[in-house]
Structures are given as C-alpha cells and as structure tokens.
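Here's the structure we're looking at; comments come further down.
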Amino acid sequence: MAELSMSRREASTLRLRRAGNWRVSPWLYLAPAILTLVVWIYWPLLDAVRLSFFQWNMLPTSPQKFVGWENYARILALPKFWQALRNTGLYVLGLLPLAVLVPLALAIYTHDLPARSRNIYRAIIFVPMIIAPVVAAAVWRWLLDPGYGMVNTGITWLGFDPVKFLTDPKVAIWTVIVITGWKLIGFSTLILSAANANINPSLVEAARMDGASKWEIIRDVRLPLLSSSILFLVMMTILLGAQWSFTYINVLTGGGPLGATTNIYYLLWDFGFSSMSVGWSSASAVILFLGFGAIAFFLFKLIDRYSFHDN
Amino acid sequence: MTTEVIEAARPAVRRLRRKAGEGIGLNSAAGHLVMVLLSLFCLFPVYWMVVTSLRPANAIFETSLWPTALSLDNYAYALNAIPIVRMLLNTLVISVVVTVIQLMTGLLAAYAFARWRFPFDKLIYAGVALTWLVPFQVVMIPNYLLVAQLGLLDSLTALILPHFASALAILLLAQSMRSFPREVIEAARMDGARSWRILWEVMTPNLRGTIASLAILIFISTWNEYFWPLLLSRTAENSVVQIGIQMFMTSEGNAWGPLMAASTMASLPILVVYIVLQRQVVQSFMKSGIR
C-alpha cells in the first residue's frame with residue numbers, strides 16, 4: 001500500500017515534469033538549429049525580397065534607393081537574362097541523360113554481374129563524386145587544353161582539328177555539362193543499382209514464367225518499380241543541376257564566351273559581385289526562387305503519385 | 001488436359017530458356033566491358049592529375065601513360081607559390097569544426113522532433129526541410145552583408161557560421177531517432193533519467209552508424225566547398241585550399257605541373273579517407289541520396 005502511494009507520487013511528479021517539458025524543453029533543444037537556419041536562410045530570404053525593390057551598389061556609405069518594380073522590369077527586358085534562363089534549361093536537359101538515362105541503362109544492364117566485381121566498379125565510379133569541384137575543374141582544364149591536353153592530343157592523333165572546348169561559344173556549354181555529368185554519373189548509377197537490386201527477384205521470376213521477354217521484364221516490371229528512384233534523380237537534376245555547374249563555370253569559362261555558359265545562378269553572382277548591382281541580383285534571386293519553388297512543388301506531387309510502387 | 005501439358009512442360013521450358021540465357025556468359029562480358037569503360041572515364045582524370053604532378057618540368061607535355069621519370073619539383077614549386085600547408089590546415093580545422101557542430105545541433109534538434117509533440121512541430125519540421133530548396137545564390141548577398149557587418153570578412157569564423165546547422169543532419173538524425181524503440185526511452189525515463197541524459201547516454205550511442213556516415217558526408221562536403229569561401233576570401237592565409245587552387249589557376253595560368261601538384265595535395269586527405277573507409281563513404285552518400 002505504501003509502495004503504491006509512493007509510485008503514485010512519483011508518477012505525479014513525473015507528469016508535472018513532463019508538463020514542464022511540453023513547454024520549454026523541445027524549444028531549448030531546437031534553439032541552436034532554428035537560430036542558425038533563421039539567421040542564415042529565412043531572414044536573408046526576406047531581405048533578398050526587400051533588396052529587390054531597391055537600387056544599391058553594396059557600399060555601406062551609399063544610400064539604398066527605393067525603385068519599386070523597376071529592377072524586375074529592367075531584368076526582364078535584358079537579353080542576358082533570357083539567355084541565362086535558356087542556358088539553365090540547356091544545362092538541365094544536357095545533364096538528364098548523363099545523370100539519369102545512362103546510369104539507368106547501366107544499372108539495369110549490369111545487375112547480373114558478380115557481386116565481387118560490382119563492388120570494385122562501384123568503388124571506382126564513385127571517385128568523381130568525392131573530388132572537389134575546383135580540383136575537377138583544374139584537371140579537366142588540363143585535359144582539355146587546346147595545345148597539349150590529353151583529349152586534344154587524341155583528337156589530332158585521329159586526324160581531326162583540335163577542339164576549343166572552353167573558348168568556342170557553341171561547344172563550351174556542353175563541355176561544362178559533361179564535366180558536371182562526370183561528377184554525377186557514378187553516384188546516379190549506384191543509386192539506381194541499389195534500387196534495382198532491391199527489386200524482389202520473385203517478381204522478375206514470375207514475369208519470366210509468364211513468358212515475358214527480357215525487354216518486357218524491363219519495361220513492365222523493373223522500370224515501374226524503379227520509377228520513384230528515377231523521379232528522385234530527375235528532381236535532383238532539375239533543381240540542382242544548373243547549380244552544380246557553378247564552380248566549373250566560375251573557374252573554367254567565367255560565364256563566357258559571350259555569356260554562352262552563363263546560367264541563372266551564375267548571373268545572380270555576376271550581378272551581385274561583378275556588377276555590384278544588389279537590386280538586380282536580388283530581383284533575379286526572387287524570380288529564381290519562385291520558379292524553383294513551383295517546379296519543386298510539381299515534382300513532389302509527381303513523386304507522391306508514383307511512390308506507392310515502392311512497397 | 002492441354003493446360004496440364006503446358007504446366008508439365010513449364011519447368012522444361014524454363015530450363016531451356018535458362019540455357020539460352022547462358023549467352024549470359026557473353027552478356028556479362030559486355031557488361032564488364034561497359035563498366036570498365038565507365039570506370040576509365042571516371043578514374044582517368046584523377047590518375048592523370050597524379051601522373052602529371054609527378055613528371056619533371058621538362059616532361060610535362062609527354063603523353064606516356066605513366067611518368068618515365070619521377071620528380072617532386074612540381075610540389076616544391078606549388079608549396080612556394082601559395083601557402084598551401086596553411087590553407088590545408090585551415091580547411092582541416094573548418095571541416096572538423098563544422099562536422100562536430102553540425103552533428104551537435106542536428107542531434108539536439110532531431111531529439112526534440114523525435115521525443116516530443118509540441119505546438120507547430122510539423123510546421124517547424126517542414127521549415128527545416130524546405131531550407132533544402134533555397135539555393136545558396138538566392139541568399140548570398142544578405143549573408144555577405146551580415147558577415148561584413150560583423151566585421152568577419154576574410155576570417156575562418158565566417159566560413160563556419162552559416163554551417164552551424166543543416167537540414168540534412170537534422171532530418172537524417174530525426175528519422176533514425178524515430179525508429180528508435182520507444183520502450184527503451186520510457187524505461188530510461190522511469191529510471192529517472194532526464195531528457196538530456198537520455199539523449200547522450202541512450203540515444204546517441206545507439207545512433208553510431210548514422211552519426212558516422214553523416215560525419216563523413218559533412219566533412220567531405222565542407223572540405224570541397226567553394227562558393228562561400230569565394231565570396232569571403234581576400235588573403236590566401238585566411239582561406240581554404242579550394243580557393244588556393246583557384247588563385248593559383250588565375251595567377252600561374254598554365255603551369256600545369258605545379259597546378260596538378262596543388263590539386264593532388266588538396267585531394268589527398270579526402271582520397272585517403274575514401275581509400276580507408278570506402279564502403280562507409282559510398283554508403284553514407286547513398287543514404288542521404290535515397291533519403
């Protein structure tokens with residue numbers, strides 16, 4: 001009896017403490033993270049919206065002049081902006097085969113390789129992913145050097161003219177795309193291989209017993225089961241693809257020749273830190289963020305719809 | 001009757017088909033070929049970087065696939081041209097500090113989400129996840145201005161500050177904490193353990209796997225970061241090795257040997273981590289990727 005009342009008292013203090021926890025504890029635990037994210041992401045986001053209505057050159061001494069929607073009007077009238085937007089689309093389109101299609105083919109094609117050699121390949125093709133983008137840029141600049149680079153040496157050896165990979169306006173953007181793809185191809189292949197290996201073999205076996213051909217198995221069994229992974233990679237490529245190329249553009253082409261490799265992310269940087277036009281940079285940042293959000297929303301919806309295949 | 005025949009014939013047909021499938025011998029040879037080509041594509045640039053860095057100055061333009069004579073001259077040149085040891089140390093300090101802090105804030109926040117229901121918890125969780133959608137270029141100017149106001153331009157502190165917390169760490173840890181058996185937490189609480197002790201003495205030791213793979217991920221991505229240091233760095237001494245390579249490229253243009261030597265030095269720590277922990281590194285990247 002005494003024991004019982006003891007435990008009841010304990011229970012009530014416990015409840016009391018828990019009631020206290022309900023109010024304060026979670027917030028204390030969350031504070032450092034929330035503070036960081038608010039200070040470095042959410043507040044700056046709002047500030048970017050505010051700055052997009054001002055004209056300012058980032059010098060603390062010069063005044064911020066309110067100009068309303070003028071920054072937006074100016075940017076939208078700028079051919080450079082539309083070129084950057086078009087290039088952003090090109091980056092995404094160019095990256096999709098390298099970051100999704102080729103890895104998909106590879107993952108399906110190599111799924112019956114013995115585990116041992118698969119592990120070795122996996123270790124090798126992952127290397128570009130961990131190499132720093134600046135280092136990758138330096139190495140590729142050396143490989144693609146028009147005079148002495150290994151690639152052009154090979155091309156001239158085959159009897160063709162050397163290609164100006166980084167200075168020809170028609171070629172440069174594709175060069176940057178391939179280098180960006182080089183970083184990603186191994187990673188995507190591994191993601192899709194893992195998803196492919198997770199497919200229940202009895203499903204494939206059942207289809208085979210029903211007389212499905214190899215191609216039919218891929219089309220009707222594997223692809224639908226892989227669709228959520230595929231959509232995930234497509235989303236990554238669309239949302240982040242052009243962003244991943246920033247370092248290569250910055251180091252290798254500086255956005256040129258003639259703006260041919262400038263995408264929207266690079267344009268933001270260019271407006272902000274080369275032309276020192278805070279208003280323009282912020283206005284295009286707002287446009288980018290809204291467009292970005294709309295695309296993300298649409299893709300999430302799509303993934304939601306297809307992810308039931310997962311189980 | 002006919003169906004019975006078909007049923008009876010099935011195993012035989014299957015055996016036949018499997019035999020036809022023994023063309024898989026050829027098939028897997030083709031599979032190997034494809035994978036070898038892909039491996040070459042992925043590995044050759046890195047290999048070429050190391051080989052070039054080891055060639056003597058007069059043999060830089062040779063196209064032999066391995067160096068005919070070895071020399072460390074390029075390394076000496078690079079070490080003279082930029083304070084690369086200092087920059088490597090800076091990068092190491094930043095990467096370690098960022099990794100530790102991000103894990104801490106991640107563990108604390110994840111614990112709050114996993115342990116309690118509180119007002120607006122779903123909203124805040126979504127708010128954390130959505131930061132993933134804000135490209136850094138969108139917030140770079142306000143961030144830059146804040147750092148300038150704090151008087152922290154060209155300092156290592158400013159390189160660390162925005163990385164105090166990351167959505168990736170919080171979400172990954174919250175996910176693995178949620179799958180942690182509630183009974184164990186309840187039992188610890190019955191024993192009178194406070195939430196603080198439950199986090200560090202019960203949860204954390206059990207999350208070692210997730211924490212380790214997160215640590216690898218954060219360390220590598222901080223080490224490789226380029227954009228934020230690019231905005232802030234003014235002097236080589238106060239910057240990271242990635243900026244060092246960029247500076248070297250702008251100032252020394254086509255000094256390929258030393259450039260490759262600098263690049264090799266900048267990648268070596270990461271490559272060593274990779275060679276030692278290859279399996280874990282690949283797994284941690286995939287975990288974050290698959291979600």
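Just so we're on the same page: first chain in the structure tokens is A, next is B, and so on; residues restart at 1 for each chain, and ligands are numbered from 1 in the order they show up.
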**OP:** Excluding Val147 (chain B) and any residue of its chain fewer than 2 positions from it, enumerate the residues within 12 Å of it, using only C-alpha atoms, and give them as a PyMOL selection string.
**Re:** (chain A and resi 39-40+44) or (chain B and resi 140-145+149-162+228-229+231-233)
**OP:** At a cut-off of 6 Å, list the chain A residues touching chain B, using only C-alpha atoms, as an MDAnalysis selection string.
**Re:** chainID A and resid 26 29:30 33 40 44:45 110 124:125 132 135 285
**OP:** Tell me which protein, DNA and RNA residues are within 10 Å of region 86-100 of chain A, counting only C-alpha atoms, leaving out same-chain ones fewer than 3 positions away, and put them as an MDAnalysis selection string.
**Re:** chainID A and resid 80:83 103:106 173:174 176:189 192 229:245 259:266
**OP:** Would you list the contacts of Ile211 (chain B) as a list in words, taking every protein, DNA or RNA residue within 12 Å and counting only C-alpha atoms, but skipping same-chain residues closer than 5 positions in sequence?
**Re:** Thr99, Val100, Gln102, Leu103, Met104, Gly106, Leu107, Leu168, Ala169, Ile170, Leu172, Leu173, Ala174, Ser176, Met177, Met203, Thr204, Pro205, Asn206, Ile216, Leu217, Ile218, Phe219, Gln280, Ser284 and Lys287 of chain B
Subject >> Residue contacts of Gly154 (chain A) (12 Å, only C-alpha atoms) excluding same-chain residues fewer than 6 positions away, as JSON, numbers by chain >> reply: {"A": [143, 144, 145, 146, 147, 148, 160, 161, 162, 163], "B": [63]}
Write a file of the just-selected residues containing N, CA, C and O atoms, as a PDB file, in the first residue's frame.
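Once written, selection.pdb looks like this:
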```pdb
ATOM      1  N   LEU A 143      43.239  18.554 -69.094  1.00  0.00           N
ATOM      2  CA  LEU A 143      42.925  17.515 -70.082  1.00  0.00           C
ATOM      3  C   LEU A 143      42.431  18.125 -71.399  1.00  0.00           C
ATOM      4  O   LEU A 143      42.683  17.595 -72.480  1.00  0.00           O
ATOM      5  N   LEU A 144      41.701  19.248 -71.298  1.00  0.00           N
ATOM      6  CA  LEU A 144      41.059  19.821 -72.484  1.00  0.00           C
ATOM      7  C   LEU A 144      41.865  20.939 -73.111  1.00  0.00           C
ATOM      8  O   LEU A 144      41.405  21.581 -74.062  1.00  0.00           O
ATOM      9  N   ASP A 145      43.064  21.181 -72.591  1.00  0.00           N
ATOM     10  CA  ASP A 145      43.882  22.257 -73.128  1.00  0.00           C
ATOM     11  C   ASP A 145      44.040  22.106 -74.637  1.00  0.00           C
ATOM     12  O   ASP A 145      44.368  21.024 -75.136  1.00  0.00           O
ATOM     13  N   PRO A 146      43.771  23.181 -75.410  1.00  0.00           N
ATOM     14  CA  PRO A 146      43.794  23.057 -76.875  1.00  0.00           C
ATOM     15  C   PRO A 146      45.173  22.681 -77.420  1.00  0.00           C
ATOM     16  O   PRO A 146      45.272  22.023 -78.451  1.00  0.00           O
ATOM     17  N   GLY A 147      46.235  23.077 -76.737  1.00  0.00           N
ATOM     18  CA  GLY A 147      47.578  22.802 -77.259  1.00  0.00           C
ATOM     19  C   GLY A 147      48.096  21.430 -76.869  1.00  0.00           C
ATOM     20  O   GLY A 147      48.458  20.615 -77.720  1.00  0.00           O
ATOM     21  N   TYR A 148      48.119  21.157 -75.551  1.00  0.00           N
ATOM     22  CA  TYR A 148      48.827  19.977 -75.083  1.00  0.00           C
ATOM     23  C   TYR A 148      47.946  18.992 -74.319  1.00  0.00           C
ATOM     24  O   TYR A 148      48.420  17.972 -73.847  1.00  0.00           O
ATOM     25  N   PHE A 160      41.818  14.756 -86.654  1.00  0.00           N
ATOM     26  CA  PHE A 160      40.886  15.887 -86.664  1.00  0.00           C
ATOM     27  C   PHE A 160      41.566  17.149 -86.149  1.00  0.00           C
ATOM     28  O   PHE A 160      42.659  17.085 -85.580  1.00  0.00           O
ATOM     29  N   ASP A 161      40.879  18.297 -86.352  1.00  0.00           N
ATOM     30  CA  ASP A 161      41.405  19.537 -85.793  1.00  0.00           C
ATOM     31  C   ASP A 161      41.148  19.565 -84.301  1.00  0.00           C
ATOM     32  O   ASP A 161      40.122  19.073 -83.844  1.00  0.00           O
ATOM     33  N   PRO A 162      42.069  20.160 -83.537  1.00  0.00           N
ATOM     34  CA  PRO A 162      41.818  20.275 -82.099  1.00  0.00           C
ATOM     35  C   PRO A 162      40.557  21.093 -81.821  1.00  0.00           C
ATOM     36  O   PRO A 162      40.245  22.032 -82.554  1.00  0.00           O
ATOM     37  N   VAL A 163      39.816  20.723 -80.786  1.00  0.00           N
ATOM     38  CA  VAL A 163      38.573  21.413 -80.437  1.00  0.00           C
ATOM     39  C   VAL A 163      38.854  22.415 -79.319  1.00  0.00           C
ATOM     40  O   VAL A 163      39.550  22.097 -78.361  1.00  0.00           O
TER      41      VAL A 163
ATOM     42  N   THR B  63      53.062  12.368 -73.361  1.00  0.00           N
ATOM     43  CA  THR B  63      51.758  11.730 -73.324  1.00  0.00           C
ATOM     44  C   THR B  63      51.839  10.260 -72.928  1.00  0.00           C
ATOM     45  O   THR B  63      50.850   9.550 -73.014  1.00  0.00           O
TER      46      THR B  63
END
```
Subject >> Selection: 9 Å around Ala172 (chain A), only C-alpha atoms, excl. self and same-chain fewer than 3 positions, as a ChimeraX atom specification >> reply: /A:164-169,175-177,253,256-257,260-261
Step one, run DSSP on the backbone; step two, keep only residues of region 99-199 of chain A assigned to alpha helix (DSSP H); then write them as a tab-separated table (two decimals) with N, CA, C and O atoms, in the first residue's frame.
```
chain	number	residue	atom	x	y	z
A	102	VAL	N	21.73	7.36	-68.78
A	102	VAL	CA	22.87	6.46	-68.89
A	102	VAL	C	23.01	5.61	-67.61
A	102	VAL	O	23.14	4.39	-67.69
A	103	PRO	N	22.96	6.25	-66.43
A	103	PRO	CA	23.02	5.42	-65.21
A	103	PRO	C	21.90	4.38	-65.14
A	103	PRO	O	22.15	3.26	-64.68
A	104	LEU	N	20.72	4.74	-65.62
A	104	LEU	CA	19.62	3.77	-65.59
A	104	LEU	C	19.94	2.56	-66.46
A	104	LEU	O	19.80	1.41	-66.05
A	105	ALA	N	20.41	2.85	-67.67
A	105	ALA	CA	20.79	1.77	-68.57
A	105	ALA	C	21.89	0.91	-67.94
A	105	ALA	O	21.83	-0.32	-67.96
A	106	LEU	N	22.88	1.59	-67.36
A	106	LEU	CA	23.99	0.85	-66.76
A	106	LEU	C	23.52	-0.01	-65.60
A	106	LEU	O	23.91	-1.17	-65.47
A	107	ALA	N	22.65	0.56	-64.77
A	107	ALA	CA	22.19	-0.18	-63.59
A	107	ALA	C	21.43	-1.43	-64.00
A	107	ALA	O	21.63	-2.50	-63.43
A	108	ILE	N	20.58	-1.31	-65.00
A	108	ILE	CA	19.81	-2.46	-65.44
A	108	ILE	C	20.70	-3.47	-66.15
A	108	ILE	O	20.63	-4.68	-65.93
A	109	TYR	N	21.60	-2.92	-66.97
A	109	TYR	CA	22.43	-3.78	-67.79
A	109	TYR	C	23.41	-4.60	-66.95
A	109	TYR	O	23.75	-5.72	-67.31
A	115	ALA	N	28.87	-10.12	-57.59
A	115	ALA	CA	28.93	-9.10	-56.54
A	115	ALA	C	30.35	-8.54	-56.35
A	115	ALA	O	30.54	-7.35	-56.15
A	116	ARG	N	31.33	-9.43	-56.48
A	116	ARG	CA	32.70	-9.02	-56.19
A	116	ARG	C	33.17	-7.94	-57.15
A	116	ARG	O	33.59	-6.86	-56.74
A	117	SER	N	33.02	-8.19	-58.46
A	117	SER	CA	33.49	-7.19	-59.41
A	117	SER	C	32.61	-5.96	-59.36
A	117	SER	O	33.05	-4.85	-59.59
A	118	ARG	N	31.32	-6.16	-59.02
A	118	ARG	CA	30.44	-4.99	-58.92
A	118	ARG	C	30.94	-4.04	-57.83
A	118	ARG	O	30.92	-2.82	-57.98
A	119	ASN	N	31.45	-4.61	-56.74
A	119	ASN	CA	31.97	-3.77	-55.67
A	119	ASN	C	33.18	-2.97	-56.11
A	119	ASN	O	33.36	-1.82	-55.71
A	120	ILE	N	34.03	-3.62	-56.93
A	120	ILE	CA	35.21	-2.89	-57.41
A	120	ILE	C	34.79	-1.74	-58.31
A	120	ILE	O	35.24	-0.60	-58.14
A	121	TYR	N	33.89	-2.01	-59.26
A	121	TYR	CA	33.42	-0.94	-60.14
A	121	TYR	C	32.81	0.19	-59.33
A	121	TYR	O	33.03	1.36	-59.58
A	122	ARG	N	32.00	-0.21	-58.36
A	122	ARG	CA	31.31	0.76	-57.53
A	122	ARG	C	32.32	1.69	-56.85
A	122	ARG	O	32.14	2.90	-56.82
A	123	ALA	N	33.41	1.10	-56.33
A	123	ALA	CA	34.42	1.91	-55.66
A	123	ALA	C	35.06	2.90	-56.64
A	123	ALA	O	35.36	4.03	-56.28
A	124	ILE	N	35.24	2.45	-57.89
A	124	ILE	CA	35.93	3.31	-58.85
A	124	ILE	C	35.01	4.43	-59.36
A	124	ILE	O	35.38	5.60	-59.35
A	125	ILE	N	33.80	4.05	-59.77
A	125	ILE	CA	32.98	5.08	-60.40
A	125	ILE	C	32.46	6.10	-59.39
A	125	ILE	O	31.90	7.11	-59.76
A	127	VAL	N	34.53	7.67	-57.35
A	127	VAL	CA	35.61	8.62	-57.07
A	127	VAL	C	35.29	10.08	-57.49
A	127	VAL	O	35.49	10.99	-56.70
A	128	PRO	N	34.74	10.32	-58.70
A	128	PRO	CA	34.49	11.72	-59.07
A	128	PRO	C	33.60	12.45	-58.07
A	128	PRO	O	33.74	13.65	-57.86
A	129	MET	N	32.69	11.73	-57.44
A	129	MET	CA	31.75	12.36	-56.51
A	129	MET	C	32.47	13.01	-55.33
A	129	MET	O	32.01	14.02	-54.82
A	130	ILE	N	33.58	12.43	-54.88
A	130	ILE	CA	34.24	12.98	-53.69
A	130	ILE	C	35.34	13.97	-54.05
A	130	ILE	O	35.88	14.64	-53.18
A	133	PRO	N	35.06	20.09	-56.60
A	133	PRO	CA	34.74	20.68	-57.89
A	133	PRO	C	35.88	21.53	-58.46
A	133	PRO	O	36.13	21.50	-59.66
A	134	VAL	N	36.57	22.27	-57.60
A	134	VAL	CA	37.67	23.10	-58.11
A	134	VAL	C	38.79	22.22	-58.67
A	134	VAL	O	39.36	22.51	-59.72
A	135	VAL	N	39.07	21.15	-57.96
A	135	VAL	CA	40.10	20.22	-58.43
A	135	VAL	C	39.65	19.61	-59.77
A	135	VAL	O	40.43	19.55	-60.73
A	136	ALA	N	38.40	19.21	-59.82
A	136	ALA	CA	37.89	18.65	-61.08
A	136	ALA	C	38.04	19.66	-62.20
A	136	ALA	O	38.46	19.32	-63.32
A	137	ALA	N	37.71	20.92	-61.92
A	137	ALA	CA	37.85	21.96	-62.94
A	137	ALA	C	39.29	22.08	-63.40
A	137	ALA	O	39.57	22.15	-64.60
A	138	ALA	N	40.23	22.10	-62.44
A	138	ALA	CA	41.64	22.23	-62.80
A	138	ALA	C	42.09	21.07	-63.67
A	138	ALA	O	42.74	21.26	-64.70
A	139	VAL	N	41.70	19.86	-63.28
A	139	VAL	CA	42.15	18.68	-64.02
A	139	VAL	C	41.55	18.67	-65.43
A	139	VAL	O	42.25	18.40	-66.41
A	140	TRP	N	40.28	18.99	-65.53
A	140	TRP	CA	39.67	18.98	-66.85
A	140	TRP	C	40.22	20.09	-67.72
A	140	TRP	O	40.33	19.94	-68.95
A	141	ARG	N	40.59	21.22	-67.11
A	141	ARG	CA	41.18	22.28	-67.92
A	141	ARG	C	42.49	21.80	-68.53
A	141	ARG	O	42.81	22.10	-69.67
A	142	TRP	N	43.22	21.05	-67.75
A	142	TRP	CA	44.47	20.49	-68.25
A	142	TRP	C	44.20	19.44	-69.33
A	142	TRP	O	44.78	19.46	-70.41
A	143	LEU	N	43.24	18.55	-69.09
A	143	LEU	CA	42.92	17.52	-70.08
A	143	LEU	C	42.43	18.13	-71.40
A	143	LEU	O	42.68	17.60	-72.48
A	150	MET	N	45.46	16.12	-73.09
A	150	MET	CA	45.38	14.72	-73.49
A	150	MET	C	44.25	14.50	-74.51
A	150	MET	O	44.42	13.78	-75.49
A	151	VAL	N	43.10	15.14	-74.28
A	151	VAL	CA	41.96	14.91	-75.15
A	151	VAL	C	42.24	15.40	-76.57
A	151	VAL	O	42.01	14.70	-77.56
A	152	ASN	N	42.78	16.61	-76.66
A	152	ASN	CA	43.08	17.13	-78.00
A	152	ASN	C	44.24	16.41	-78.66
A	152	ASN	O	44.29	16.30	-79.88
A	153	THR	N	45.17	15.93	-77.86
A	153	THR	CA	46.23	15.10	-78.43
A	153	THR	C	45.62	13.89	-79.11
A	153	THR	O	45.98	13.53	-80.24
A	154	GLY	N	44.65	13.28	-78.42
A	154	GLY	CA	43.96	12.14	-79.01
A	154	GLY	C	43.22	12.52	-80.28
A	154	GLY	O	43.26	11.81	-81.28
A	155	ILE	N	42.54	13.67	-80.24
A	155	ILE	CA	41.75	14.10	-81.40
A	155	ILE	C	42.65	14.37	-82.60
A	155	ILE	O	42.34	13.96	-83.72
A	156	THR	N	43.77	15.04	-82.39
A	156	THR	CA	44.67	15.31	-83.52
A	156	THR	C	45.32	14.02	-84.01
A	156	THR	O	45.56	13.85	-85.20
A	157	TRP	N	45.56	13.11	-83.09
A	157	TRP	CA	46.16	11.83	-83.47
A	157	TRP	C	45.21	11.06	-84.40
A	157	TRP	O	45.64	10.37	-85.32
A	169	PRO	N	32.07	29.31	-78.37
A	169	PRO	CA	30.76	29.55	-77.74
A	169	PRO	C	29.78	28.40	-77.95
A	169	PRO	O	28.90	28.16	-77.12
A	170	LYS	N	29.91	27.69	-79.07
A	170	LYS	CA	28.96	26.59	-79.32
A	170	LYS	C	29.29	25.35	-78.50
A	170	LYS	O	28.42	24.56	-78.17
A	171	VAL	N	30.57	25.16	-78.20
A	171	VAL	CA	31.00	23.93	-77.54
A	171	VAL	C	31.06	24.08	-76.03
A	171	VAL	O	30.77	23.13	-75.29
A	172	ALA	N	31.38	25.29	-75.56
A	172	ALA	CA	31.74	25.48	-74.14
A	172	ALA	C	30.67	24.96	-73.19
A	172	ALA	O	30.98	24.27	-72.22
A	173	ILE	N	29.41	25.27	-73.47
A	173	ILE	CA	28.36	24.87	-72.52
A	173	ILE	C	28.28	23.34	-72.40
A	173	ILE	O	28.10	22.79	-71.31
A	174	TRP	N	28.50	22.65	-73.53
A	174	TRP	CA	28.45	21.18	-73.49
A	174	TRP	C	29.64	20.62	-72.74
A	174	TRP	O	29.53	19.59	-72.07
A	175	THR	N	30.78	21.32	-72.84
A	175	THR	CA	31.94	20.89	-72.07
A	175	THR	C	31.63	20.96	-70.58
A	175	THR	O	31.88	20.00	-69.83
A	176	VAL	N	31.05	22.09	-70.15
A	176	VAL	CA	30.72	22.24	-68.73
A	176	VAL	C	29.70	21.19	-68.31
A	176	VAL	O	29.79	20.61	-67.23
A	177	ILE	N	28.74	20.91	-69.19
A	177	ILE	CA	27.73	19.89	-68.87
A	177	ILE	C	28.37	18.52	-68.68
A	177	ILE	O	28.06	17.81	-67.72
A	178	VAL	N	29.29	18.17	-69.59
A	178	VAL	CA	29.91	16.85	-69.48
A	178	VAL	C	30.74	16.75	-68.20
A	178	VAL	O	30.73	15.72	-67.52
A	179	ILE	N	31.44	17.83	-67.85
A	179	ILE	CA	32.24	17.79	-66.62
A	179	ILE	C	31.33	17.64	-65.41
A	179	ILE	O	31.61	16.86	-64.49
A	180	THR	N	30.20	18.38	-65.40
A	180	THR	CA	29.25	18.24	-64.30
A	180	THR	C	28.71	16.82	-64.26
A	180	THR	O	28.58	16.22	-63.19
A	181	GLY	N	28.42	16.26	-65.44
A	181	GLY	CA	27.92	14.89	-65.52
A	181	GLY	C	28.95	13.89	-65.04
A	181	GLY	O	28.60	12.89	-64.40
A	182	TRP	N	30.22	14.19	-65.32
A	182	TRP	CA	31.30	13.30	-64.87
A	182	TRP	C	31.26	13.12	-63.36
A	182	TRP	O	31.47	12.02	-62.85
A	183	LYS	N	30.95	14.21	-62.65
A	183	LYS	CA	30.87	14.13	-61.20
A	183	LYS	C	29.70	13.26	-60.74
A	183	LYS	O	29.73	12.67	-59.68
A	184	LEU	N	28.62	13.23	-61.54
A	184	LEU	CA	27.38	12.65	-61.06
A	184	LEU	C	27.10	11.24	-61.53
A	184	LEU	O	26.35	10.50	-60.91
A	185	ILE	N	27.71	10.85	-62.66
A	185	ILE	CA	27.28	9.62	-63.32
A	185	ILE	C	27.45	8.41	-62.40
A	185	ILE	O	26.56	7.55	-62.31
A	186	GLY	N	28.56	8.36	-61.66
A	186	GLY	CA	28.80	7.21	-60.78
A	186	GLY	C	27.78	7.15	-59.66
A	186	GLY	O	27.21	6.10	-59.37
A	187	PHE	N	27.52	8.32	-59.07
A	187	PHE	CA	26.56	8.40	-57.97
A	187	PHE	C	25.18	7.92	-58.41
A	187	PHE	O	24.57	7.07	-57.76
A	188	SER	N	24.72	8.44	-59.55
A	188	SER	CA	23.39	8.03	-60.04
A	188	SER	C	23.35	6.54	-60.32
A	188	SER	O	22.37	5.86	-60.01
A	189	THR	N	24.42	6.04	-60.94
A	189	THR	CA	24.45	4.62	-61.24
A	189	THR	C	24.31	3.79	-59.97
A	189	THR	O	23.57	2.80	-59.93
A	190	LEU	N	25.00	4.23	-58.92
A	190	LEU	CA	24.93	3.47	-57.67
A	190	LEU	C	23.54	3.53	-57.06
A	190	LEU	O	23.02	2.52	-56.58
A	191	ILE	N	22.93	4.72	-57.09
A	191	ILE	CA	21.57	4.85	-56.53
A	191	ILE	C	20.62	3.90	-57.26
A	191	ILE	O	19.85	3.16	-56.64
A	192	LEU	N	20.70	3.93	-58.60
A	192	LEU	CA	19.77	3.10	-59.37
A	192	LEU	C	20.11	1.61	-59.24
A	192	LEU	O	19.21	0.77	-59.22
A	193	SER	N	21.40	1.29	-59.14
A	193	SER	CA	21.77	-0.12	-58.95
A	193	SER	C	21.21	-0.63	-57.64
A	193	SER	O	20.69	-1.75	-57.58
A	194	ALA	N	21.32	0.20	-56.61
A	194	ALA	CA	20.81	-0.22	-55.30
A	194	ALA	C	19.30	-0.45	-55.37
A	194	ALA	O	18.79	-1.45	-54.87
A	195	ALA	N	18.61	0.48	-56.03
A	195	ALA	CA	17.15	0.34	-56.14
A	195	ALA	C	16.82	-0.90	-56.96
A	195	ALA	O	15.89	-1.65	-56.65
A	196	ASN	N	17.59	-1.12	-58.01
A	196	ASN	CA	17.37	-2.26	-58.89
A	196	ASN	C	17.61	-3.58	-58.15
A	196	ASN	O	16.87	-4.55	-58.33
A	197	ALA	N	18.65	-3.59	-57.30
A	197	ALA	CA	18.96	-4.80	-56.55
A	197	ALA	C	17.90	-5.08	-55.50
A	197	ALA	O	17.73	-6.21	-55.06
```
**OP:** Just give me the gap between CA of Asn74 (chain B) and CA of Thr91 (chain B) in Å, one decimal is fine.
**Re:** 21.7 Å
Original post:
Residues of region 30-244 of chain A in strand (DSSP E) according to DSSP, as a list of chain:residue names?
Top reply: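 Everything in region 30-244 of chain A that counts as strand (DSSP E) is A:Phe54, A:Gln55, A:Lys65, A:Phe66.
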